[in-house]
>>> print(open('final_8.pdb').read())   # PDB, C-alpha atoms
ATOM      1  CA  ASN A1234     -25.193 131.910  32.533
ATOM      2  CA  TYR A1235     -22.590 133.318  34.910
ATOM      3  CA  VAL A1236     -21.548 129.795  35.921
ATOM      4  CA  ILE A1237     -21.244 128.721  32.290
ATOM      5  CA  ARG A1238     -19.158 131.787  31.374
ATOM      6  CA  ALA A1239     -16.885 131.246  34.391
ATOM      7  CA  ALA A1240     -16.454 127.543  33.587
ATOM      8  CA  ASN A1241     -15.615 128.396  29.972
ATOM      9  CA  LYS A1242     -12.895 130.872  31.016
ATOM     10  CA  GLY A1243     -11.199 128.233  33.185
ATOM     11  CA  LEU A1244     -10.811 125.659  30.419
ATOM     12  CA  PRO A1245      -7.764 125.229  28.169
ATOM     13  CA  SER A1246      -8.217 126.952  24.808
ATOM     14  CA  ASP A1247      -7.204 123.871  22.792
ATOM     15  CA  LEU A1248     -10.219 121.725  23.809
ATOM     16  CA  SER A1249     -12.575 120.607  21.065
ATOM     17  CA  ASP A1250     -15.979 122.299  21.062
ATOM     18  CA  ASP A1251     -17.576 118.987  21.997
ATOM     19  CA  LEU A1252     -15.299 118.364  24.967
ATOM     20  CA  ARG A1253     -15.505 122.021  26.017
ATOM     21  CA  GLY A1254     -19.315 121.820  26.038
ATOM     22  CA  GLN A1255     -19.259 118.625  28.092
ATOM     23  CA  LYS A1256     -16.863 120.122  30.644
ATOM     24  CA  ILE A1257     -18.870 123.342  30.925
ATOM     25  CA  GLN A1258     -22.122 121.457  31.468
ATOM     26  CA  SER A1259     -20.459 119.235  34.084
ATOM     27  CA  VAL A1260     -19.088 122.233  36.030
ATOM     28  CA  ALA A1261     -22.423 124.070  35.803
ATOM     29  CA  LYS A1262     -24.348 120.990  36.986
ATOM     30  CA  ASP A1263     -21.971 120.461  39.924
ATOM     31  CA  PHE A1264     -22.136 124.126  40.921
ATOM     32  CA  LEU A1265     -25.927 124.270  40.759
ATOM     33  CA  ASN A1266     -26.209 121.044  42.739
ATOM     34  CA  ILE A1267     -23.901 122.346  45.470
ATOM     35  CA  TYR A1268     -25.594 125.774  45.496
ATOM     36  CA  GLY A1269     -29.063 124.287  45.528
ATOM     37  CA  HIS A1270     -28.300 122.111  48.512
ATOM     38  CA  ASN A1271     -25.827 124.280  50.419
ATOM     39  CA  GLY A1272     -26.364 127.846  49.200
ATOM     40  CA  ILE A1273     -28.982 128.463  51.851
ATOM     41  CA  ASP A1274     -26.729 127.817  54.835
ATOM     42  CA  GLU A1275     -26.041 131.526  55.316
ATOM     43  CA  SER A1276     -29.478 132.717  54.193
ATOM     44  CA  VAL A1277     -32.073 134.263  56.497
ATOM     45  CA  LEU A1278     -35.350 136.077  55.967
ATOM     46  CA  TYR A1279     -35.154 139.847  56.164
ATOM     47  CA  ASP A1280     -36.564 141.423  59.328
ATOM     48  CA  GLY A1281     -40.234 142.194  58.779
ATOM     49  CA  ILE A1282     -40.899 139.470  56.173
ATOM     50  CA  ASP A1283     -42.708 137.314  58.740
ATOM     51  CA  TYR A1284     -45.064 140.179  59.565
ATOM     52  CA  ALA A1285     -45.657 140.993  55.888
ATOM     53  CA  LEU A1286     -46.372 137.413  54.795
ATOM     54  CA  ASN A1287     -48.590 136.662  57.788
ATOM     55  CA  THR A1288     -50.550 139.856  57.139
ATOM     56  CA  LEU A1289     -50.953 139.067  53.438
ATOM     57  CA  ARG A1290     -52.094 135.522  54.229
ATOM     58  CA  ALA A1291     -54.549 136.783  56.863
ATOM     59  CA  HIS A1292     -56.120 138.987  54.184
ATOM     60  CA  GLY A1293     -56.451 136.157  51.676
ATOM     61  CA  VAL A1294     -53.721 137.318  49.298
ATOM     62  CA  LYS A1295     -52.432 134.587  46.996
ATOM     63  CA  LEU A1296     -48.667 134.246  47.269
ATOM     64  CA  ALA A1297     -46.250 132.968  44.638
ATOM     65  CA  VAL A1298     -42.530 132.939  44.039
ATOM     66  CA  LEU A1299     -40.988 133.378  40.597
ATOM     67  CA  SER A1300     -37.270 132.633  40.699
ATOM     68  CA  ASN A1301     -34.483 132.258  38.182
ATOM     69  CA  LYS A1302     -33.021 129.616  40.513
ATOM     70  CA  ALA A1303     -33.461 126.047  39.297
ATOM     71  CA  GLN A1304     -36.793 124.569  40.384
ATOM     72  CA  TYR A1305     -35.174 122.186  42.866
ATOM     73  CA  ALA A1306     -33.261 125.088  44.477
ATOM     74  CA  ALA A1307     -36.427 127.230  44.642
ATOM     75  CA  ASP A1308     -38.204 124.275  46.275
ATOM     76  CA  ILE A1309     -35.404 123.891  48.838
ATOM     77  CA  PHE A1310     -35.540 127.611  49.709
ATOM     78  CA  ASN A1311     -39.332 127.438  49.941
ATOM     79  CA  GLU A1312     -39.237 124.406  52.221
ATOM     80  CA  ARG A1313     -36.636 125.915  54.511
ATOM     81  CA  PHE A1314     -37.879 129.511  54.728
ATOM     82  CA  LEU A1315     -41.380 129.912  53.362
ATOM     83  CA  SER A1316     -43.321 126.704  54.014
ATOM     84  CA  LYS A1317     -45.120 128.093  57.079
ATOM     85  CA  TYR A1318     -46.700 130.768  54.852
ATOM     86  CA  SER A1319     -48.214 128.187  52.479
ATOM     87  CA  PHE A1320     -47.237 129.835  49.212
ATOM     88  CA  ASP A1321     -49.711 128.953  46.493
ATOM     89  CA  LEU A1322     -46.999 128.366  43.912
ATOM     90  CA  VAL A1323     -43.207 128.363  43.726
ATOM     91  CA  LEU A1324     -41.964 128.519  40.164
ATOM     92  CA  GLY A1325     -38.254 128.189  39.528
ATOM     93  CA  GLN A1326     -36.248 127.821  36.333
ATOM     94  CA  THR A1327     -37.243 124.914  34.133
ATOM     95  CA  ASP A1328     -36.614 123.966  30.529
ATOM     96  CA  ASP A1329     -40.251 124.844  29.757
ATOM     97  CA  LEU A1330     -40.070 128.583  30.474
ATOM     98  CA  PRO A1331     -37.501 131.288  29.698
ATOM     99  CA  LEU A1332     -35.891 133.100  32.612
ATOM    100  CA  LYS A1333     -36.958 136.506  33.907
ATOM    101  CA  PRO A1334     -37.255 139.172  32.541
ATOM    102  CA  ALA A1335     -39.287 137.171  30.026
ATOM    103  CA  PRO A1336     -42.912 137.380  31.223
ATOM    104  CA  ASP A1337     -43.705 133.699  30.602
ATOM    105  CA  GLY A1338     -43.179 132.532  34.190
ATOM    106  CA  LEU A1339     -45.310 135.343  35.550
ATOM    107  CA  HIS A1340     -48.037 134.567  32.996
ATOM    108  CA  GLU A1341     -47.879 130.914  34.086
ATOM    109  CA  ILE A1342     -48.343 131.887  37.732
ATOM    110  CA  LEU A1343     -51.325 134.109  36.931
ATOM    111  CA  LYS A1344     -52.907 131.326  34.878
ATOM    112  CA  LYS A1345     -52.365 128.618  37.508
ATOM    113  CA  LEU A1346     -53.650 130.832  40.328
ATOM    114  CA  ASN A1347     -56.536 132.202  38.246
ATOM    115  CA  VAL A1348     -55.486 135.804  38.869
ATOM    116  CA  GLU A1349     -56.087 138.663  36.439
ATOM    117  CA  LYS A1350     -53.190 140.972  35.556
ATOM    118  CA  ALA A1351     -55.060 143.931  37.049
ATOM    119  CA  ASP A1352     -55.193 142.111  40.403
ATOM    120  CA  ALA A1353     -51.512 141.104  40.474
ATOM    121  CA  VAL A1354     -48.450 142.892  41.780
ATOM    122  CA  MET A1355     -44.858 141.735  41.501
ATOM    123  CA  ILE A1356     -42.580 142.560  44.421
ATOM    124  CA  GLY A1357     -38.890 142.366  43.687
ATOM    125  CA  ASP A1358     -35.462 143.713  44.503
ATOM    126  CA  GLY A1359     -33.876 143.982  41.096
ATOM    127  CA  GLU A1360     -34.117 145.332  37.604
ATOM    128  CA  THR A1361     -35.009 141.864  36.351
ATOM    129  CA  ASP A1362     -38.067 141.761  38.595
ATOM    130  CA  TYR A1363     -39.221 145.193  37.482
ATOM    131  CA  LEU A1364     -38.691 144.306  33.815
ATOM    132  CA  THR A1365     -40.522 140.992  34.242
ATOM    133  CA  ALA A1366     -43.547 142.800  35.655
ATOM    134  CA  LYS A1367     -43.388 145.431  32.923
ATOM    135  CA  ASN A1368     -43.092 142.756  30.220
ATOM    136  CA  ALA A1369     -46.084 140.926  31.727
ATOM    137  CA  GLY A1370     -48.151 144.095  31.952
ATOM    138  CA  ILE A1371     -48.552 144.127  35.726
ATOM    139  CA  ASP A1372     -47.603 146.555  38.481
ATOM    140  CA  CYS A1373     -44.343 146.237  40.377
ATOM    141  CA  VAL A1374     -43.250 147.324  43.833
ATOM    142  CA  SER A1375     -39.469 147.525  44.075
ATOM    143  CA  VAL A1376     -37.908 146.852  47.458
ATOM    144  CA  LEU A1377     -34.808 148.663  48.638
ATOM    145  CA  TRP A1378     -33.453 146.111  51.110
ATOM    146  CA  GLY A1379     -32.261 143.715  48.424
ATOM    147  CA  PHE A1380     -29.469 143.753  45.906
ATOM    148  CA  ARG A1381     -30.056 146.990  44.016
ATOM    149  CA  SER A1382     -30.047 150.644  44.956
ATOM    150  CA  GLU A1383     -32.957 152.979  44.319
ATOM    151  CA  GLU A1384     -30.894 154.692  41.613
ATOM    152  CA  GLU A1385     -30.266 151.395  39.785
ATOM    153  CA  LEU A1386     -33.947 150.497  39.966
ATOM    154  CA  LYS A1387     -35.009 153.957  38.783
ATOM    155  CA  ASN A1388     -32.602 153.655  35.856
ATOM    156  CA  ALA A1389     -34.425 150.439  34.896
ATOM    157  CA  GLY A1390     -37.740 152.317  35.002
ATOM    158  CA  ALA A1391     -39.066 151.404  38.452
ATOM    159  CA  THR A1392     -41.251 154.053  40.086
ATOM    160  CA  VAL A1393     -42.761 152.485  43.227
ATOM    161  CA  PHE A1394     -40.435 151.744  46.146
ATOM    162  CA  ILE A1395     -40.639 150.532  49.718
ATOM    163  CA  HIS A1396     -37.867 150.539  52.292
ATOM    164  CA  ASN A1397     -38.971 147.883  54.771
ATOM    165  CA  PRO A1398     -40.797 144.543  54.428
ATOM    166  CA  LYS A1399     -43.401 145.744  56.925
ATOM    167  CA  GLU A1400     -44.510 148.253  54.250
ATOM    168  CA  ILE A1401     -45.595 145.498  51.838
ATOM    169  CA  PRO A1402     -49.206 145.174  53.050
ATOM    170  CA  THR A1403     -49.742 148.943  52.935
ATOM    171  CA  ALA A1404     -48.172 149.126  49.452
ATOM    172  CA  LEU A1405     -50.763 146.551  48.351
ATOM    173  CA  GLY A1406     -53.624 148.557  49.858
ATOM    174  CA  ILE A1407     -54.109 146.380  52.947
ATOM    175  CA  LYS A1408     -55.113 148.295  56.049
ATOM    176  CA  GLU A1409     -54.663 146.773  59.495
TER     177      GLU A1409
END
>>> encode(input="final_8.pdb", output="structure tokens")
Amino acid sequence: NYVIRAANKGLPSDLSDDLRGQKIQSVAKDFLNIYGHNGIDESVLYDGIDYALNTLRAHGVKLAVLSNKAQYAADIFNERFLSKYSFDLVLGQTDDLPLKPAPDGLHEILKKLNVEKADAVMIGDGETDYLTAKNAGIDCVSVLWGFRSEEELKNAGATVFIHNPKEIPTALGIKE
């Protein structure tokens, strides 16, 4: 949506609605293609994620990603950063499901992985993640090393926080 709004602002005001729509879609497609293939160049995993994911895997925890990135971009990120952890499912944005905070993607993950809501926890760094979990009726652990402050997350309604990726297993009740 941000890309579409930005593309719309950069176009002349006298374009027909049809031409404007075509131009916006072209800019959005080009941006998403470039981002999906090059947006990971500066990306790295946070310190402690390796420990957390290896620990979760060692304890038989099913792992999934729910992203508002396009499916191809989520797949690229998964391949580059997460493939060694063998995530059970990576679900990015598709035409079939509305974006977070709609609960549909999370419901789809639970269904495909045969996991009950009571046994699921969403871990996320933003209000959208918290709201997705709330809308789906599952618990959420909000992380404070991402894009939002504790105050912003609290204002959205979040109540459970961790400060370091190494705290993830403990937050999920896993004891070493």
>>> closest_atom_pairs(input="final_8.pdb", of="region 1243-1349 of chain A", to="region 1397-1406 of chain A", cutoff="8 Å", atoms="all atoms listed in the file", output="Markdown table")
| residue | atom | partner | partner_atom | distance |
| --- | --- | --- | --- | --- |
| A:Tyr1279 | CA | A:Pro1398 | CA | 7.5 |
| A:Asp1280 | CA | A:Pro1398 | CA | 7.2 |
| A:Gly1281 | CA | A:Pro1398 | CA | 5.0 |
| A:Ile1282 | CA | A:Pro1398 | CA | 5.4 |
| A:Tyr1284 | CA | A:Lys1399 | CA | 6.4 |
| A:Ala1285 | CA | A:Lys1399 | CA | 5.4 |
| A:Thr1288 | CA | A:Pro1402 | CA | 6.8 |
| A:Leu1289 | CA | A:Pro1402 | CA | 6.4 |
>>> atom_distance(input="final_8.pdb", atom1="CA of Glu1312 (chain A)", atom2="CA of Lys1367 (chain A)")
28.8 Å
>>> resolve_selection(input="final_8.pdb", expression="the PyMOL selection byres ((chain A and resi 1380-1385) around 12)", output="list in words")
Gly1357, Asp1358, Gly1359, Glu1360, Thr1361, Asp1362, Tyr1363, Val1374, Ser1375, Val1376, Leu1377, Trp1378, Gly1379, Leu1386, Lys1387, Asn1388, Ala1389, Gly1390, Ala1391, Thr1392, Val1393, Phe1394, Ile1395 and His1396 of chain A
>>> resolve_selection(input="final_8.pdb", expression="the PyMOL selection byres ((chain A and resi 1342) around 9)", output="list of chain:residue names")
A:Ala1297, A:Val1298, A:Leu1299, A:Leu1322, A:Val1323, A:Leu1324, A:Asp1337, A:Gly1338, A:Leu1339, A:His1340, A:Glu1341, A:Leu1343, A:Lys1344, A:Lys1345, A:Leu1346, A:Asn1347, A:Val1348
>>> closest_residue(input="final_8.pdb", among="A:Asp1329, A:Asp1372, A:Asp1247, A:Asp1308", to="Ala1353 (chain A)", atoms="only C-alpha atoms")
A:Asp1372
>>> atom_distance(input="final_8.pdb", atom1="CA of Asn1301 (chain A)", atom2="CA of Ala1351 (chain A)")
23.7 Å
>>> atom_distance(input="final_8.pdb", atom1="CA of Ala1366 (chain A)", atom2="CA of Arg1290 (chain A)")
21.7 Å
>>> residues_near_point(input="final_8.pdb", point="(-35.0, 131.8, 54.7)", cutoff="7 Å", atoms="only C-alpha atoms", output="list in words")
Ser1276, Val1277, Leu1278, Phe1310, Arg1313, Phe1314 and Leu1315 of chain A
>>> closest_residue(input="final_8.pdb", among="A:Ile1407, A:Leu1364, A:Met1355, A:Cys1373", to="Leu1296 (chain A)", atoms="all atoms listed in the file")
A:Met1355
>>> closest_residue(input="final_8.pdb", among="A:Gly1254, A:Lys1350, A:Pro1336, A:Gly1325", to="Ala1307 (chain A)", atoms="all atoms listed in the file")
A:Gly1325
>>> axis_aligned_box(input="final_8.pdb", around="region 1376-1379 of chain A", padding_each_side="4 Å", output="JSON")
{"center_x": -35.1, "center_y": 146.2, "center_z": 49.3, "size_x": 13.6, "size_y": 12.9, "size_z": 11.7}
>>> closest_residue(input="final_8.pdb", among="A:Ala1303, A:Val1354, A:Ala1335, A:Ala1291", to="Asn1368 (chain A)", atoms="all atoms listed in the file")
A:Ala1335
>>> build_atoms(input="final_8.pdb", residues="region 1288-1309 of chain A", atoms="N, CA, C and O atoms", output="PDB file, in the frame of the given file")
ATOM      1  N   THR A1288     -49.491 138.881  57.390  1.00  0.00           N
ATOM      2  CA  THR A1288     -50.550 139.856  57.139  1.00  0.00           C
ATOM      3  C   THR A1288     -51.205 139.599  55.787  1.00  0.00           C
ATOM      4  O   THR A1288     -52.438 139.605  55.671  1.00  0.00           O
ATOM      5  N   LEU A1289     -50.395 139.349  54.761  1.00  0.00           N
ATOM      6  CA  LEU A1289     -50.953 139.067  53.438  1.00  0.00           C
ATOM      7  C   LEU A1289     -51.820 137.811  53.480  1.00  0.00           C
ATOM      8  O   LEU A1289     -52.935 137.793  52.935  1.00  0.00           O
ATOM      9  N   ARG A1290     -51.336 136.775  54.115  1.00  0.00           N
ATOM     10  CA  ARG A1290     -52.094 135.522  54.229  1.00  0.00           C
ATOM     11  C   ARG A1290     -53.410 135.756  54.975  1.00  0.00           C
ATOM     12  O   ARG A1290     -54.457 135.258  54.577  1.00  0.00           O
ATOM     13  N   ALA A1291     -53.348 136.513  56.062  1.00  0.00           N
ATOM     14  CA  ALA A1291     -54.549 136.783  56.863  1.00  0.00           C
ATOM     15  C   ALA A1291     -55.612 137.531  56.062  1.00  0.00           C
ATOM     16  O   ALA A1291     -56.801 137.439  56.363  1.00  0.00           O
ATOM     17  N   HIS A1292     -55.193 138.241  55.044  1.00  0.00           N
ATOM     18  CA  HIS A1292     -56.120 138.987  54.184  1.00  0.00           C
ATOM     19  C   HIS A1292     -56.443 138.245  52.889  1.00  0.00           C
ATOM     20  O   HIS A1292     -57.001 138.827  51.963  1.00  0.00           O
ATOM     21  N   GLY A1293     -56.075 136.989  52.812  1.00  0.00           N
ATOM     22  CA  GLY A1293     -56.451 136.157  51.676  1.00  0.00           C
ATOM     23  C   GLY A1293     -55.686 136.409  50.394  1.00  0.00           C
ATOM     24  O   GLY A1293     -56.138 136.017  49.313  1.00  0.00           O
ATOM     25  N   VAL A1294     -54.527 137.041  50.479  1.00  0.00           N
ATOM     26  CA  VAL A1294     -53.721 137.318  49.298  1.00  0.00           C
ATOM     27  C   VAL A1294     -53.046 136.026  48.839  1.00  0.00           C
ATOM     28  O   VAL A1294     -52.472 135.295  49.648  1.00  0.00           O
ATOM     29  N   LYS A1295     -53.144 135.734  47.558  1.00  0.00           N
ATOM     30  CA  LYS A1295     -52.432 134.587  46.996  1.00  0.00           C
ATOM     31  C   LYS A1295     -50.958 134.950  46.893  1.00  0.00           C
ATOM     32  O   LYS A1295     -50.612 136.062  46.488  1.00  0.00           O
ATOM     33  N   LEU A1296     -50.106 134.009  47.261  1.00  0.00           N
ATOM     34  CA  LEU A1296     -48.667 134.246  47.269  1.00  0.00           C
ATOM     35  C   LEU A1296     -47.972 133.274  46.331  1.00  0.00           C
ATOM     36  O   LEU A1296     -48.262 132.079  46.339  1.00  0.00           O
ATOM     37  N   ALA A1297     -47.036 133.806  45.543  1.00  0.00           N
ATOM     38  CA  ALA A1297     -46.250 132.968  44.638  1.00  0.00           C
ATOM     39  C   ALA A1297     -44.824 133.482  44.589  1.00  0.00           C
ATOM     40  O   ALA A1297     -44.566 134.659  44.850  1.00  0.00           O
ATOM     41  N   VAL A1298     -43.933 132.596  44.249  1.00  0.00           N
ATOM     42  CA  VAL A1298     -42.530 132.939  44.039  1.00  0.00           C
ATOM     43  C   VAL A1298     -42.206 132.644  42.581  1.00  0.00           C
ATOM     44  O   VAL A1298     -42.564 131.583  42.068  1.00  0.00           O
ATOM     45  N   LEU A1299     -41.537 133.596  41.930  1.00  0.00           N
ATOM     46  CA  LEU A1299     -40.988 133.378  40.597  1.00  0.00           C
ATOM     47  C   LEU A1299     -39.491 133.612  40.707  1.00  0.00           C
ATOM     48  O   LEU A1299     -39.045 134.718  41.002  1.00  0.00           O
ATOM     49  N   SER A1300     -38.719 132.561  40.497  1.00  0.00           N
ATOM     50  CA  SER A1300     -37.270 132.633  40.699  1.00  0.00           C
ATOM     51  C   SER A1300     -36.529 132.162  39.460  1.00  0.00           C
ATOM     52  O   SER A1300     -36.998 131.264  38.756  1.00  0.00           O
ATOM     53  N   ASN A1301     -35.376 132.751  39.223  1.00  0.00           N
ATOM     54  CA  ASN A1301     -34.483 132.258  38.182  1.00  0.00           C
ATOM     55  C   ASN A1301     -33.592 131.131  38.699  1.00  0.00           C
ATOM     56  O   ASN A1301     -32.799 130.579  37.949  1.00  0.00           O
ATOM     57  N   LYS A1302     -33.723 130.788  39.986  1.00  0.00           N
ATOM     58  CA  LYS A1302     -33.021 129.616  40.513  1.00  0.00           C
ATOM     59  C   LYS A1302     -33.667 128.378  39.900  1.00  0.00           C
ATOM     60  O   LYS A1302     -34.852 128.365  39.587  1.00  0.00           O
ATOM     61  N   ALA A1303     -32.908 127.312  39.775  1.00  0.00           N
ATOM     62  CA  ALA A1303     -33.461 126.047  39.297  1.00  0.00           C
ATOM     63  C   ALA A1303     -34.627 125.642  40.194  1.00  0.00           C
ATOM     64  O   ALA A1303     -34.635 125.963  41.386  1.00  0.00           O
ATOM     65  N   GLN A1304     -35.592 124.932  39.624  1.00  0.00           N
ATOM     66  CA  GLN A1304     -36.793 124.569  40.384  1.00  0.00           C
ATOM     67  C   GLN A1304     -36.450 123.852  41.683  1.00  0.00           C
ATOM     68  O   GLN A1304     -37.007 124.162  42.736  1.00  0.00           O
ATOM     69  N   TYR A1305     -35.502 122.908  41.637  1.00  0.00           N
ATOM     70  CA  TYR A1305     -35.174 122.186  42.866  1.00  0.00           C
ATOM     71  C   TYR A1305     -34.606 123.128  43.925  1.00  0.00           C
ATOM     72  O   TYR A1305     -34.888 122.973  45.120  1.00  0.00           O
ATOM     73  N   ALA A1306     -33.816 124.132  43.516  1.00  0.00           N
ATOM     74  CA  ALA A1306     -33.261 125.088  44.477  1.00  0.00           C
ATOM     75  C   ALA A1306     -34.363 125.984  45.032  1.00  0.00           C
ATOM     76  O   ALA A1306     -34.391 126.277  46.234  1.00  0.00           O
ATOM     77  N   ALA A1307     -35.293 126.424  44.179  1.00  0.00           N
ATOM     78  CA  ALA A1307     -36.427 127.230  44.642  1.00  0.00           C
ATOM     79  C   ALA A1307     -37.262 126.427  45.633  1.00  0.00           C
ATOM     80  O   ALA A1307     -37.732 126.966  46.643  1.00  0.00           O
ATOM     81  N   ASP A1308     -37.440 125.135  45.365  1.00  0.00           N
ATOM     82  CA  ASP A1308     -38.204 124.275  46.275  1.00  0.00           C
ATOM     83  C   ASP A1308     -37.495 124.132  47.621  1.00  0.00           C
ATOM     84  O   ASP A1308     -38.139 124.143  48.677  1.00  0.00           O
ATOM     85  N   ILE A1309     -36.164 124.004  47.597  1.00  0.00           N
ATOM     86  CA  ILE A1309     -35.404 123.891  48.838  1.00  0.00           C
ATOM     87  C   ILE A1309     -35.541 125.175  49.654  1.00  0.00           C
ATOM     88  O   ILE A1309     -35.789 125.133  50.865  1.00  0.00           O
TER      89      ILE A1309
END
